[in-house]
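Below you'll find the structure, written out as structure tokens, and then a few comments.
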Number of protein chains: 2
Amino acid sequence: MTTASSRPTTAGQPDCPLCDKQLENTLWESPQLRIIHVPDTPFIGYVRLVWRAHVAEMSDLSAPEQQTLMHLVFQVEALQRQLLHPDKINVASLGNQVAHVHWHVIPRWRTDPCFPDAIWAPSKQTPEHQAAWQSHTDALQPRVHALHEAIRQIPH
Amino acid sequence: MTTASSRPTTAGQPDCPLCDKQLENTLWESPQLRIIHVPDTPFIGYVRLVWRAHVAEMSDLSAPEQQTLMHLVFQVEALQRQLLHPDKINVASLGNQVAHVHWHVIPRWRTDPCFPDAIWAPSKQTPEHQAAWQSHTDALQPRVHALHEAIRQIPH
């Protein structure tokens, strides 16, 4: 655990796409973090939580900061389950491309492009599956709007 | 959040490979969870934390249970950083193949088979890279043993 006094710099990094910028698709924000939805993805309902300070790893945060962030991650997960009824939720903090703490919270369906593999695995969809999946995601759009509205209403 | 009284069944499921079985490679255990190391993987230092009760999602756990589990996840991450000095840590709870809560905590290096992609993406290693990576992992073995010993010593 890194203490506040010994932690790496958290100042905005000019080259970091997650630092000090207006993030598009922001649904909720606090002085510590932002929750954004991911557009233009086949993984409908996909949400990211982005820690505001520039730290690379969860163990760079204090225990209370970790708890604040994870509590929100699991609140988002609970809302996705309640409103979208997916077959599974996937939760991950990778940051290999952008080493600034952010969490992926991804509803999964047995019929999605990669299930049961991770979304980072190659798609195994046939054209027929792709058409059926598109119909499924089109039908889910009203519930995704309800999810976004519910995230906007998370108490601060 | 599911309360203890309303949560899904947590009884051992006969078909679940993570339920009620002696897990090989167990480094640490408590009445709530087990920490195991992952052998036979190119991703050296890879550790999993397995919740003991059969629940599918983190939001099936109470807030104190979530905190207990995540605190240990980030303790393992901190030990991996301290003892192995990887370039990044990846943390994920997927469970698409086995819907019983477990966390992957994976040290990553820029020279590993998949970096900067997730470990579930296809390997992009050339034969030359593969040989260099093998030398790197061979050299790391003593530090991996130190990591396993440090995990065994995590206070209960």
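For the structure tokens, the naming scheme is as follows: chains receive sequential letters (A, B, ...) according to their order of presentation, residues are indexed from 1 within each chain, and ligands are indexed from 1 in presentation order.
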
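Residues in contact with segment 19-32 of chain A at 8 Å, where only C-alpha atoms are counted and same-chain residues fewer than 5 positions away are skipped, are listed as Gly12, Gln13, Pro14, His37, Val38, Pro39, Trp51, Arg52, Ala53, His54, His148, Glu149, Ile151, Arg152, Ile154 and His156 of chain A.
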
Legend entry - Residue list for chain B near chain A as JSON, numbers by chain, 6 Å, only C-alpha atoms: {"B": [59, 74, 78, 90, 91, 92, 93, 94, 96, 97, 116, 120, 121]}

Legend entry - Test item: residues at most 12 Å from Ala131 of chain A, only C-alpha atoms, excluding those fewer than 5 positions along its chain, as a PyMOL selection string: chain A and resi 42+111-113+125-126+136-138

Export N, CA and C atoms of the chosen residues as a tab-separated table (two decimals), in the first residue's frame?
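Final file, again.tsv:
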```tsv
chain	number	residue	atom	x	y	z
A	42	PRO	N	-19.70	-3.46	-29.66
A	42	PRO	CA	-20.74	-4.50	-29.71
A	42	PRO	C	-21.14	-4.97	-28.31
A	111	THR	N	-24.69	-15.05	-26.19
A	111	THR	CA	-24.75	-14.85	-27.64
A	111	THR	C	-23.89	-13.69	-28.13
A	112	ASP	N	-23.08	-13.10	-27.22
A	112	ASP	CA	-22.29	-11.94	-27.67
A	112	ASP	C	-21.09	-12.41	-28.50
A	113	PRO	N	-20.35	-11.47	-29.11
A	113	PRO	CA	-19.33	-11.88	-30.09
A	113	PRO	C	-18.21	-12.77	-29.57
A	125	GLN	N	-17.97	-14.81	-33.94
A	125	GLN	CA	-19.32	-14.70	-34.50
A	125	GLN	C	-19.35	-15.04	-35.99
A	126	THR	N	-20.34	-15.83	-36.33
A	126	THR	CA	-20.64	-16.05	-37.75
A	126	THR	C	-21.55	-14.90	-38.21
A	136	HIS	N	-30.63	-8.21	-30.93
A	136	HIS	CA	-30.66	-8.23	-29.47
A	136	HIS	C	-30.23	-6.88	-28.90
A	137	THR	N	-29.15	-6.33	-29.42
A	137	THR	CA	-28.67	-5.06	-28.87
A	137	THR	C	-29.61	-3.92	-29.23
A	138	ASP	N	-30.21	-3.97	-30.42
A	138	ASP	CA	-31.20	-2.94	-30.76
A	138	ASP	C	-32.36	-2.96	-29.76
```

Legend entry - Which of B:Pro86, B:Tyr46, B:His102, B:Pro64 sits closest to Arg34 of chain B [using only C-alpha atoms]: B:His102

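Distances here use only C-alpha atoms; by that measure, the residue among B:Ile44, B:Val55, B:Leu33, B:Leu18 closest to Val101 of chain B is B:Val55.
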
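One distance worth recording is that between atom CA of His100 of chain B and atom CA of Pro17 of chain B, which is 9.0 Å.
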
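Residues of chain B carrying a DSSP assignment of strand (DSSP E or B), computed from the backbone, are Thr26, Leu27, Trp28, Glu29, Leu33, Arg34, Ile35, Ile36, His37, Val47, Arg48, Leu49, Val50, Trp51, Lys88, Ile89, Asn90, Val91, Ala92, Ser93, His102, Trp103, His104, Val105, Ile106, Pro107 and Arg108 of chain B.
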
Residue selection dump (N, CA and C atoms) as a PDB file, in the first residue's frame:
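Output saved as again-v8.pdb:
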```pdb
ATOM      1  N   THR B  26      -2.610 -24.214  -3.618  1.00  0.00           N
ATOM      2  CA  THR B  26      -3.118 -23.239  -2.653  1.00  0.00           C
ATOM      3  C   THR B  26      -1.955 -22.676  -1.831  1.00  0.00           C
ATOM      4  N   LEU B  27      -1.905 -21.344  -1.773  1.00  0.00           N
ATOM      5  CA  LEU B  27      -0.853 -20.663  -1.011  1.00  0.00           C
ATOM      6  C   LEU B  27      -1.369 -20.168   0.336  1.00  0.00           C
ATOM      7  N   TRP B  28      -2.662 -19.856   0.395  1.00  0.00           N
ATOM      8  CA  TRP B  28      -3.229 -19.181   1.572  1.00  0.00           C
ATOM      9  C   TRP B  28      -4.705 -19.492   1.572  1.00  0.00           C
ATOM     10  N   GLU B  29      -5.290 -19.705   2.732  1.00  0.00           N
ATOM     11  CA  GLU B  29      -6.736 -19.894   2.759  1.00  0.00           C
ATOM     12  C   GLU B  29      -7.320 -19.411   4.065  1.00  0.00           C
ATOM     13  N   LEU B  33     -12.035 -17.557   1.605  1.00  0.00           N
ATOM     14  CA  LEU B  33     -11.422 -17.600   0.273  1.00  0.00           C
ATOM     15  C   LEU B  33     -10.080 -18.302   0.278  1.00  0.00           C
ATOM     16  N   ARG B  34      -9.633 -18.608  -0.929  1.00  0.00           N
ATOM     17  CA  ARG B  34      -8.336 -19.250  -1.121  1.00  0.00           C
ATOM     18  C   ARG B  34      -7.519 -18.465  -2.149  1.00  0.00           C
ATOM     19  N   ILE B  35      -6.213 -18.448  -1.959  1.00  0.00           N
ATOM     20  CA  ILE B  35      -5.308 -17.821  -2.932  1.00  0.00           C
ATOM     21  C   ILE B  35      -4.448 -18.935  -3.512  1.00  0.00           C
ATOM     22  N   ILE B  36      -4.455 -19.040  -4.831  1.00  0.00           N
ATOM     23  CA  ILE B  36      -3.694 -20.110  -5.496  1.00  0.00           C
ATOM     24  C   ILE B  36      -2.750 -19.502  -6.534  1.00  0.00           C
ATOM     25  N   HIS B  37      -1.671 -20.213  -6.798  1.00  0.00           N
ATOM     26  CA  HIS B  37      -0.830 -19.748  -7.903  1.00  0.00           C
ATOM     27  C   HIS B  37      -1.145 -20.567  -9.142  1.00  0.00           C
ATOM     28  N   VAL B  47      -1.511 -15.156 -10.134  1.00  0.00           N
ATOM     29  CA  VAL B  47      -2.164 -15.647  -8.917  1.00  0.00           C
ATOM     30  C   VAL B  47      -3.674 -15.487  -9.067  1.00  0.00           C
ATOM     31  N   ARG B  48      -4.432 -16.435  -8.504  1.00  0.00           N
ATOM     32  CA  ARG B  48      -5.898 -16.288  -8.477  1.00  0.00           C
ATOM     33  C   ARG B  48      -6.393 -16.302  -7.037  1.00  0.00           C
ATOM     34  N   LEU B  49      -7.421 -15.516  -6.785  1.00  0.00           N
ATOM     35  CA  LEU B  49      -8.116 -15.540  -5.496  1.00  0.00           C
ATOM     36  C   LEU B  49      -9.504 -16.097  -5.743  1.00  0.00           C
ATOM     37  N   VAL B  50      -9.864 -17.147  -5.029  1.00  0.00           N
ATOM     38  CA  VAL B  50     -11.120 -17.860  -5.260  1.00  0.00           C
ATOM     39  C   VAL B  50     -12.003 -17.730  -4.023  1.00  0.00           C
ATOM     40  N   TRP B  51     -13.171 -17.117  -4.191  1.00  0.00           N
ATOM     41  CA  TRP B  51     -14.133 -17.025  -3.095  1.00  0.00           C
ATOM     42  C   TRP B  51     -14.636 -18.429  -2.794  1.00  0.00           C
ATOM     43  N   LYS B  88       3.406  -3.735 -15.331  1.00  0.00           N
ATOM     44  CA  LYS B  88       2.001  -3.407 -15.073  1.00  0.00           C
ATOM     45  C   LYS B  88       1.382  -4.594 -14.345  1.00  0.00           C
ATOM     46  N   ILE B  89       0.283  -4.331 -13.655  1.00  0.00           N
ATOM     47  CA  ILE B  89      -0.527  -5.411 -13.087  1.00  0.00           C
ATOM     48  C   ILE B  89      -1.887  -5.395 -13.779  1.00  0.00           C
ATOM     49  N   ASN B  90      -2.390  -6.569 -14.122  1.00  0.00           N
ATOM     50  CA  ASN B  90      -3.760  -6.697 -14.630  1.00  0.00           C
ATOM     51  C   ASN B  90      -4.592  -7.449 -13.600  1.00  0.00           C
ATOM     52  N   VAL B  91      -5.796  -6.934 -13.349  1.00  0.00           N
ATOM     53  CA  VAL B  91      -6.692  -7.511 -12.348  1.00  0.00           C
ATOM     54  C   VAL B  91      -8.053  -7.708 -13.023  1.00  0.00           C
ATOM     55  N   ALA B  92      -8.617  -8.918 -12.901  1.00  0.00           N
ATOM     56  CA  ALA B  92      -9.889  -9.155 -13.589  1.00  0.00           C
ATOM     57  C   ALA B  92     -10.693 -10.250 -12.907  1.00  0.00           C
ATOM     58  N   SER B  93     -12.008 -10.063 -12.910  1.00  0.00           N
ATOM     59  CA  SER B  93     -12.960 -11.084 -12.488  1.00  0.00           C
ATOM     60  C   SER B  93     -13.905 -11.303 -13.659  1.00  0.00           C
ATOM     61  N   HIS B 102     -13.983 -15.508  -8.812  1.00  0.00           N
ATOM     62  CA  HIS B 102     -12.536 -15.631  -8.641  1.00  0.00           C
ATOM     63  C   HIS B 102     -11.862 -14.480  -9.387  1.00  0.00           C
ATOM     64  N   TRP B 103     -10.726 -14.060  -8.854  1.00  0.00           N
ATOM     65  CA  TRP B 103      -9.980 -12.922  -9.411  1.00  0.00           C
ATOM     66  C   TRP B 103      -8.652 -13.378  -9.976  1.00  0.00           C
ATOM     67  N   HIS B 104      -8.331 -12.849 -11.144  1.00  0.00           N
ATOM     68  CA  HIS B 104      -7.020 -13.052 -11.762  1.00  0.00           C
ATOM     69  C   HIS B 104      -6.148 -11.841 -11.432  1.00  0.00           C
ATOM     70  N   VAL B 105      -4.968 -12.076 -10.897  1.00  0.00           N
ATOM     71  CA  VAL B 105      -4.024 -10.980 -10.614  1.00  0.00           C
ATOM     72  C   VAL B 105      -2.727 -11.340 -11.341  1.00  0.00           C
ATOM     73  N   ILE B 106      -2.421 -10.569 -12.379  1.00  0.00           N
ATOM     74  CA  ILE B 106      -1.430 -11.001 -13.370  1.00  0.00           C
ATOM     75  C   ILE B 106      -0.363  -9.928 -13.573  1.00  0.00           C
ATOM     76  N   PRO B 107       0.869 -10.227 -13.181  1.00  0.00           N
ATOM     77  CA  PRO B 107       1.959  -9.294 -13.509  1.00  0.00           C
ATOM     78  C   PRO B 107       2.203  -9.300 -15.026  1.00  0.00           C
ATOM     79  N   ARG B 108       2.440  -8.139 -15.558  1.00  0.00           N
ATOM     80  CA  ARG B 108       2.676  -8.037 -17.002  1.00  0.00           C
ATOM     81  C   ARG B 108       4.024  -7.346 -17.274  1.00  0.00           C
TER      82      ARG B 108
END
```

Legend entry - Within 8 Å of Leu83 of chain B using only C-alpha atoms, minus same-chain residues under 2 positions, as a PyMOL selection string: chain B and resi 79-81+85+143-144+146-147

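Straight-line separation from atom CA of His129 of chain A to atom CA of Cys114 of chain A: 11.0 Å.
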